[in-house]
Amino acid sequence: MTQIILPTLIFNETFSNEQQVKLIEQYGADGIEIRRERLQDIAVELAVLKNSINASGLNTVIYSAPIELWQDGYSLNPLVITAINEAKQLNADYIKLSLGRFDANLANTDDFQKWLDHNSPANIKVLIENDQTIYGGTLIPILSFFQWKQDKSIGMTFDVGNWTVNKEDWLTAYNSLHQWIEYFHLKSVTRSMTGWESKAISTEHLNLTFPVYTAIEFPLDNPNVEGPQWVTKLRKEVTA
């Protein structure tokens with residue numbers, strides 16, 4: 001059965017980190033996704049979040065860092081090491097990154113594995129998300145990465161809405177990538193005057209086979225009401 005994760009981005013209002021953890025637990029989620037981009041004083045806030053999560057009943061922590069793994073075809077982004085160290089400070093189970101400018105014709109599998117062994121602790125698994133970039137968030141580069149990696153030591157975060165942003169069919173992508181998917185981000189997207197906006201998922205998204213972890217990935221107007229409702233809805237879809 002999938003575990004339900006709620007990310008801190010569900011909150012539009014300003015809640016303290018302690019309040020966010022407490023509320024996400026109260027809504028009935030199994031785990032929490034901490035969004036790096038919402039932190040101001042990262043080291044201080046991670047320490048507060050760690051203590052709050054340890055005191056809660058939440059059993060899975062995903063650290064989301066909007067950082068690209070590959071800075072070009074040959075080299076890895078040094079900022080990823082900083083993010084991994086932050087994930088360790090948080091005592092996270094997973095760190096979510098985007099792919100970046102990966103090129104299977106240039107990257108070296110042995111060098112990458114050595115880099116992982118040296119920098120990524122065994123108790124924190126790396127997840128690669130399809131972001132909204134053409135070079136790192138579309139099917140061809142993502143599929144080529146997982147085929148190049150060969151094993152499943154790195155998993156995938158499958159963001160349903162981001163395929164729409166990149167003008168690709170999410171179901172085709174799902175069928176191509178499902179064996180690596182460990183985490184769903186469920187959202188729809190609509191175009192506005194200021195860019196793409198994340199909205200509630202459509203019914204068709206609920207027909208997918210949920211992986212190990214599933215999260216809604218859109219802000220809630222009334223999280224105290226909608227948060228528990230979405231957790232209940234996702235659990236019912238899993239058990240239906």
# chains A, B, ... in the order shown; residues from 1 in each chain; ligands from 1
call {"tool": "residues_around", "arguments": {"residues": "Phe184 of chain A", "least_positions_apart": "5", "cutoff": "8 Å", "atoms": "only C-alpha atoms", "output": "PDB file with N, CA and C atoms, in the first residue's frame"}}
result
ATOM      1  N   THR A 157      10.825  10.367  -9.002  1.00  0.00           N
ATOM      2  CA  THR A 157       9.614  11.080  -8.622  1.00  0.00           C
ATOM      3  C   THR A 157       8.903  11.459  -9.909  1.00  0.00           C
ATOM      4  N   PHE A 158       7.690  10.966 -10.070  1.00  0.00           N
ATOM      5  CA  PHE A 158       6.913  11.187 -11.286  1.00  0.00           C
ATOM      6  C   PHE A 158       5.900  12.285 -11.019  1.00  0.00           C
ATOM      7  N   ASP A 159       6.175  13.486 -11.549  1.00  0.00           N
ATOM      8  CA  ASP A 159       5.272  14.621 -11.383  1.00  0.00           C
ATOM      9  C   ASP A 159       4.335  14.669 -12.578  1.00  0.00           C
ATOM     10  N   VAL A 160       3.068  14.345 -12.336  1.00  0.00           N
ATOM     11  CA  VAL A 160       2.113  14.202 -13.432  1.00  0.00           C
ATOM     12  C   VAL A 160       1.945  15.509 -14.205  1.00  0.00           C
ATOM     13  N   PHE A 210      -0.589   3.292  -7.814  1.00  0.00           N
ATOM     14  CA  PHE A 210       0.256   4.139  -6.977  1.00  0.00           C
ATOM     15  C   PHE A 210       1.528   3.389  -6.574  1.00  0.00           C
ATOM     16  N   PRO A 211       2.666   4.098  -6.555  1.00  0.00           N
ATOM     17  CA  PRO A 211       3.925   3.473  -6.132  1.00  0.00           C
ATOM     18  C   PRO A 211       4.059   3.470  -4.606  1.00  0.00           C
ATOM     19  N   TYR A 213       5.210   5.735  -2.572  1.00  0.00           N
ATOM     20  CA  TYR A 213       4.809   6.995  -1.944  1.00  0.00           C
ATOM     21  C   TYR A 213       3.985   7.823  -2.927  1.00  0.00           C
ATOM     22  N   THR A 214       2.990   8.524  -2.398  1.00  0.00           N
ATOM     23  CA  THR A 214       2.129   9.371  -3.220  1.00  0.00           C
ATOM     24  C   THR A 214       1.848  10.670  -2.470  1.00  0.00           C
ATOM     25  N   ALA A 215       1.952  11.790  -3.197  1.00  0.00           N
ATOM     26  CA  ALA A 215       1.693  13.100  -2.598  1.00  0.00           C
ATOM     27  C   ALA A 215       0.811  13.929  -3.519  1.00  0.00           C
TER      28      ALA A 215
END
call {"tool": "residues_around", "arguments": {"residues": "segment 36-53 of chain A", "least_positions_apart": "2", "cutoff": "10 Å", "atoms": "only C-alpha atoms", "output": "PyMOL selection string"}}
result
chain A and resi 8-9+16-22+25+31-34+55-61+63-67+83+86-92
call {"tool": "write_last_selection", "arguments": {"atoms": "C-alpha atoms", "output": "mmCIF file, in the first residue's frame"}}
result
data_model
loop_
_atom_site.group_PDB
_atom_site.id
_atom_site.type_symbol
_atom_site.label_atom_id
_atom_site.label_comp_id
_atom_site.auth_asym_id
_atom_site.auth_seq_id
_atom_site.Cartn_x
_atom_site.Cartn_y
_atom_site.Cartn_z
ATOM 1 C CA THR A 8 4.896 21.768 3.028
ATOM 2 C CA LEU A 9 3.790 23.616 -0.115
ATOM 3 C CA SER A 16 5.834 27.931 11.607
ATOM 4 C CA ASN A 17 7.846 24.832 10.798
ATOM 5 C CA GLU A 18 6.619 23.206 14.001
ATOM 6 C CA GLN A 19 3.016 23.939 13.055
ATOM 7 C CA GLN A 20 3.455 22.507 9.561
ATOM 8 C CA VAL A 21 4.794 19.223 10.918
ATOM 9 C CA LYS A 22 2.045 19.009 13.555
ATOM 10 C CA GLU A 25 0.544 14.623 11.090
ATOM 11 C CA GLY A 31 5.192 11.332 5.875
ATOM 12 C CA ILE A 32 6.267 14.843 4.972
ATOM 13 C CA GLU A 33 8.108 16.483 2.110
ATOM 14 C CA ILE A 34 10.257 19.431 3.158
ATOM 15 C CA ALA A 55 8.573 14.038 18.069
ATOM 16 C CA SER A 56 5.780 13.241 15.606
ATOM 17 C CA GLY A 57 4.361 10.017 14.274
ATOM 18 C CA LEU A 58 5.500 10.732 10.710
ATOM 19 C CA ASN A 59 7.624 7.874 9.443
ATOM 20 C CA THR A 60 8.965 9.104 6.088
ATOM 21 C CA VAL A 61 10.859 12.314 5.329
ATOM 22 C CA TYR A 63 13.855 16.494 1.286
ATOM 23 C CA SER A 64 13.034 18.331 -1.928
ATOM 24 C CA ALA A 65 15.907 20.406 -3.304
ATOM 25 C CA PRO A 66 15.352 22.238 -6.620
ATOM 26 C CA ILE A 67 18.907 21.511 -7.711
ATOM 27 C CA ALA A 83 21.810 19.471 -0.473
ATOM 28 C CA GLU A 86 21.253 19.129 4.461
ATOM 29 C CA ALA A 87 19.219 15.956 3.964
ATOM 30 C CA LYS A 88 21.533 14.204 6.426
ATOM 31 C CA GLN A 89 21.003 17.011 8.932
ATOM 32 C CA LEU A 90 17.256 16.569 8.543
ATOM 33 C CA ASN A 91 17.618 12.785 8.903
ATOM 34 C CA ALA A 92 15.684 12.428 5.640
#
call {"tool": "closest_residue", "arguments": {"among": "A:Asn105, A:Ser120, A:Ser202, A:Gln179", "to": "Asn85 of chain A", "atoms": "only C-alpha atoms"}}
result
A:Ser120
call {"tool": "select_by_dssp", "arguments": {"residues": "segment 13-142 of chain A", "states": "alpha helix (DSSP H)", "output": "PyMOL selection string"}}
result
chain A and resi 17-26+42-54+79-90+109-119+134-137+139-142
call {"tool": "write_last_selection", "arguments": {"atoms": "C-alpha atoms", "output": "short mmCIF file (atom, residue, chain, number, x, y, z; two decimals), in the first residue's frame"}}
result
data_model
loop_
_atom_site.label_atom_id
_atom_site.label_comp_id
_atom_site.auth_asym_id
_atom_site.auth_seq_id
_atom_site.Cartn_x
_atom_site.Cartn_y
_atom_site.Cartn_z
CA ASN A 17 7.85 24.83 10.80
CA GLU A 18 6.62 23.21 14.00
CA GLN A 19 3.02 23.94 13.06
CA GLN A 20 3.45 22.51 9.56
CA VAL A 21 4.79 19.22 10.92
CA LYS A 22 2.05 19.01 13.55
CA LEU A 23 -0.72 19.77 11.05
CA ILE A 24 0.53 17.32 8.43
CA GLU A 25 0.54 14.62 11.09
CA GLN A 26 -2.96 15.62 12.20
CA ILE A 42 18.29 26.55 6.19
CA ALA A 43 20.57 25.20 8.93
CA VAL A 44 18.45 26.59 11.78
CA GLU A 45 15.14 25.56 10.25
CA LEU A 46 16.32 22.05 9.41
CA ALA A 47 17.28 21.53 13.05
CA VAL A 48 13.82 22.68 14.15
CA LEU A 49 12.13 20.48 11.57
CA LYS A 50 14.19 17.45 12.55
CA ASN A 51 13.22 17.80 16.20
CA SER A 52 9.56 18.33 15.33
CA ILE A 53 9.47 15.33 12.98
CA ASN A 54 11.25 13.12 15.52
CA LEU A 79 25.59 22.11 -5.05
CA VAL A 80 24.11 18.62 -4.81
CA ILE A 81 26.64 17.74 -2.12
CA THR A 82 25.39 20.68 -0.05
CA ALA A 83 21.81 19.47 -0.47
CA ILE A 84 22.75 15.91 0.51
CA ASN A 85 24.42 17.20 3.67
CA GLU A 86 21.25 19.13 4.46
CA ALA A 87 19.22 15.96 3.96
CA LYS A 88 21.53 14.20 6.43
CA GLN A 89 21.00 17.01 8.93
CA LEU A 90 17.26 16.57 8.54
CA THR A 109 28.88 5.16 -15.12
CA ASP A 110 31.87 4.14 -12.99
CA ASP A 111 32.69 7.73 -12.06
CA PHE A 112 29.06 8.39 -11.18
CA GLN A 113 28.88 5.33 -8.94
CA LYS A 114 32.09 6.38 -7.17
CA TRP A 115 30.59 9.82 -6.65
CA LEU A 116 27.44 8.29 -5.17
CA ASP A 117 29.39 5.97 -2.91
CA HIS A 118 31.45 8.88 -1.60
CA ASN A 119 28.75 11.53 -1.24
CA ILE A 134 13.12 20.67 -21.73
CA TYR A 135 16.67 19.37 -21.29
CA GLY A 136 16.05 17.55 -18.01
CA GLY A 137 12.31 17.12 -17.61
CA LEU A 139 10.95 11.70 -21.52
CA ILE A 140 14.01 11.18 -23.72
CA PRO A 141 16.68 12.45 -21.27
CA ILE A 142 15.00 10.92 -18.22
#
call {"tool": "closest_atom_pairs", "arguments": {"of": "segment 163-214 of chain A", "to": "segment 228-233 of chain A", "cutoff": "12 Å", "atoms": "only C-alpha atoms", "output": "JSON lines"}}
result
{"residue": "A:Leu186", "atom": "CA", "partner": "A:Trp230", "partner_atom": "CA", "distance": 11.1}
{"residue": "A:Ala200", "atom": "CA", "partner": "A:Trp230", "partner_atom": "CA", "distance": 9.8}
{"residue": "A:Ile201", "atom": "CA", "partner": "A:Trp230", "partner_atom": "CA", "distance": 10.4}
{"residue": "A:Thr203", "atom": "CA", "partner": "A:Lys233", "partner_atom": "CA", "distance": 11.2}
{"residue": "A:Leu206", "atom": "CA", "partner": "A:Lys233", "partner_atom": "CA", "distance": 9.7}
{"residue": "A:Thr214", "atom": "CA", "partner": "A:Val231", "partner_atom": "CA", "distance": 9.9}
call {"tool": "write_last_selection", "arguments": {"atoms": "N, CA, C and O atoms", "output": "short mmCIF file (atom, residue, chain, number, x, y, z; two decimals), in the first residue's frame"}}
result
data_model
loop_
_atom_site.label_atom_id
_atom_site.label_comp_id
_atom_site.auth_asym_id
_atom_site.auth_seq_id
_atom_site.Cartn_x
_atom_site.Cartn_y
_atom_site.Cartn_z
N LEU A 186 1.09 14.27 -7.53
CA LEU A 186 -0.18 14.36 -8.24
C LEU A 186 -0.66 15.80 -8.28
O LEU A 186 -0.87 16.43 -7.23
N ALA A 200 -5.67 21.05 -8.35
CA ALA A 200 -6.05 19.70 -7.91
C ALA A 200 -6.04 18.73 -9.08
O ALA A 200 -6.26 19.10 -10.23
N ILE A 201 -5.75 17.49 -8.78
CA ILE A 201 -5.65 16.46 -9.80
C ILE A 201 -7.00 16.14 -10.41
O ILE A 201 -8.04 16.38 -9.82
N THR A 203 -9.59 13.18 -12.22
CA THR A 203 -9.97 11.80 -11.89
C THR A 203 -9.08 10.79 -12.60
O THR A 203 -8.74 9.74 -12.02
N LEU A 206 -6.09 9.30 -10.84
CA LEU A 206 -6.33 8.34 -9.77
C LEU A 206 -6.46 6.91 -10.29
O LEU A 206 -6.56 5.97 -9.50
N THR A 214 2.99 8.52 -2.40
CA THR A 214 2.13 9.37 -3.22
C THR A 214 1.85 10.67 -2.47
O THR A 214 1.54 10.66 -1.27
#
call {"tool": "closest_residue", "arguments": {"among": "A:Glu168, A:Thr133, A:Lys125, A:Leu177", "to": "Ser153 of chain A", "atoms": "only C-alpha atoms"}}
result
A:Lys125
call {"tool": "select_by_dssp", "arguments": {"residues": "segment 12-228 of chain A", "states": "strand (DSSP E)", "output": "ChimeraX atom specification"}}
result
/A:31-35,60-70,94-100,125-129,155-159,181-186,188-192,195-199,213-216
call {"tool": "residues_around", "arguments": {"residues": "Phe218 of chain A", "least_positions_apart": "3", "cutoff": "6 Å", "atoms": "only C-alpha atoms", "output": "list of chain:residue names"}}
result
A:Ile10, A:Ser198, A:Lys199
call {"tool": "write_last_selection", "arguments": {"atoms": "N, CA, C and O atoms", "output": "PDB file, in the first residue's frame"}}
result
ATOM      1  N   ILE A  10       1.621  22.700   0.587  1.00  0.00           N
ATOM      2  CA  ILE A  10       0.150  22.750   0.652  1.00  0.00           C
ATOM      3  C   ILE A  10      -0.331  23.971   1.413  1.00  0.00           C
ATOM      4  O   ILE A  10      -1.478  24.379   1.275  1.00  0.00           O
ATOM      5  N   SER A 198      -0.293  25.204 -10.305  1.00  0.00           N
ATOM      6  CA  SER A 198      -0.638  23.837  -9.901  1.00  0.00           C
ATOM      7  C   SER A 198      -2.045  23.810  -9.320  1.00  0.00           C
ATOM      8  O   SER A 198      -2.394  24.646  -8.482  1.00  0.00           O
ATOM      9  N   LYS A 199      -2.831  22.852  -9.773  1.00  0.00           N
ATOM     10  CA  LYS A 199      -4.219  22.707  -9.349  1.00  0.00           C
ATOM     11  C   LYS A 199      -4.476  21.275  -8.884  1.00  0.00           C
ATOM     12  O   LYS A 199      -3.630  20.391  -9.039  1.00  0.00           O
TER      13      LYS A 199
END
call {"tool": "atom_distance", "arguments": {"atom1": "atom CA of Thr209 of chain A", "atom2": "atom CA of Gly100 of chain A"}}
result
27.2 Å
call {"tool": "atom_distance", "arguments": {"atom1": "atom CA of Ala29 of chain A", "atom2": "atom CA of Glu182 of chain A"}}
result
16.9 Å
call {"tool": "residues_around", "arguments": {"residues": "Lys152 of chain A", "least_positions_apart": "4", "cutoff": "12 Å", "atoms": "only C-alpha atoms", "output": "VMD selection string"}}
result
chain A and resid 125 to 128 145 to 148 156 177 to 182
call {"tool": "atom_distance", "arguments": {"atom1": "atom CA of Glu129 of chain A", "atom2": "atom CA of Ala107 of chain A"}}
result
18.9 Å
call {"tool": "residues_around", "arguments": {"residues": "Asp221 of chain A", "least_positions_apart": "6", "cutoff": "10 Å", "atoms": "only C-alpha atoms", "output": "JSON, numbers by chain"}}
result
{"A": [10, 11, 12, 13, 227]}
call {"tool": "closest_residue", "arguments": {"among": "A:Lys167, A:Leu234, A:Ile216, A:Ser176", "to": "Pro7 of chain A", "atoms": "only C-alpha atoms"}}
result
A:Ile216
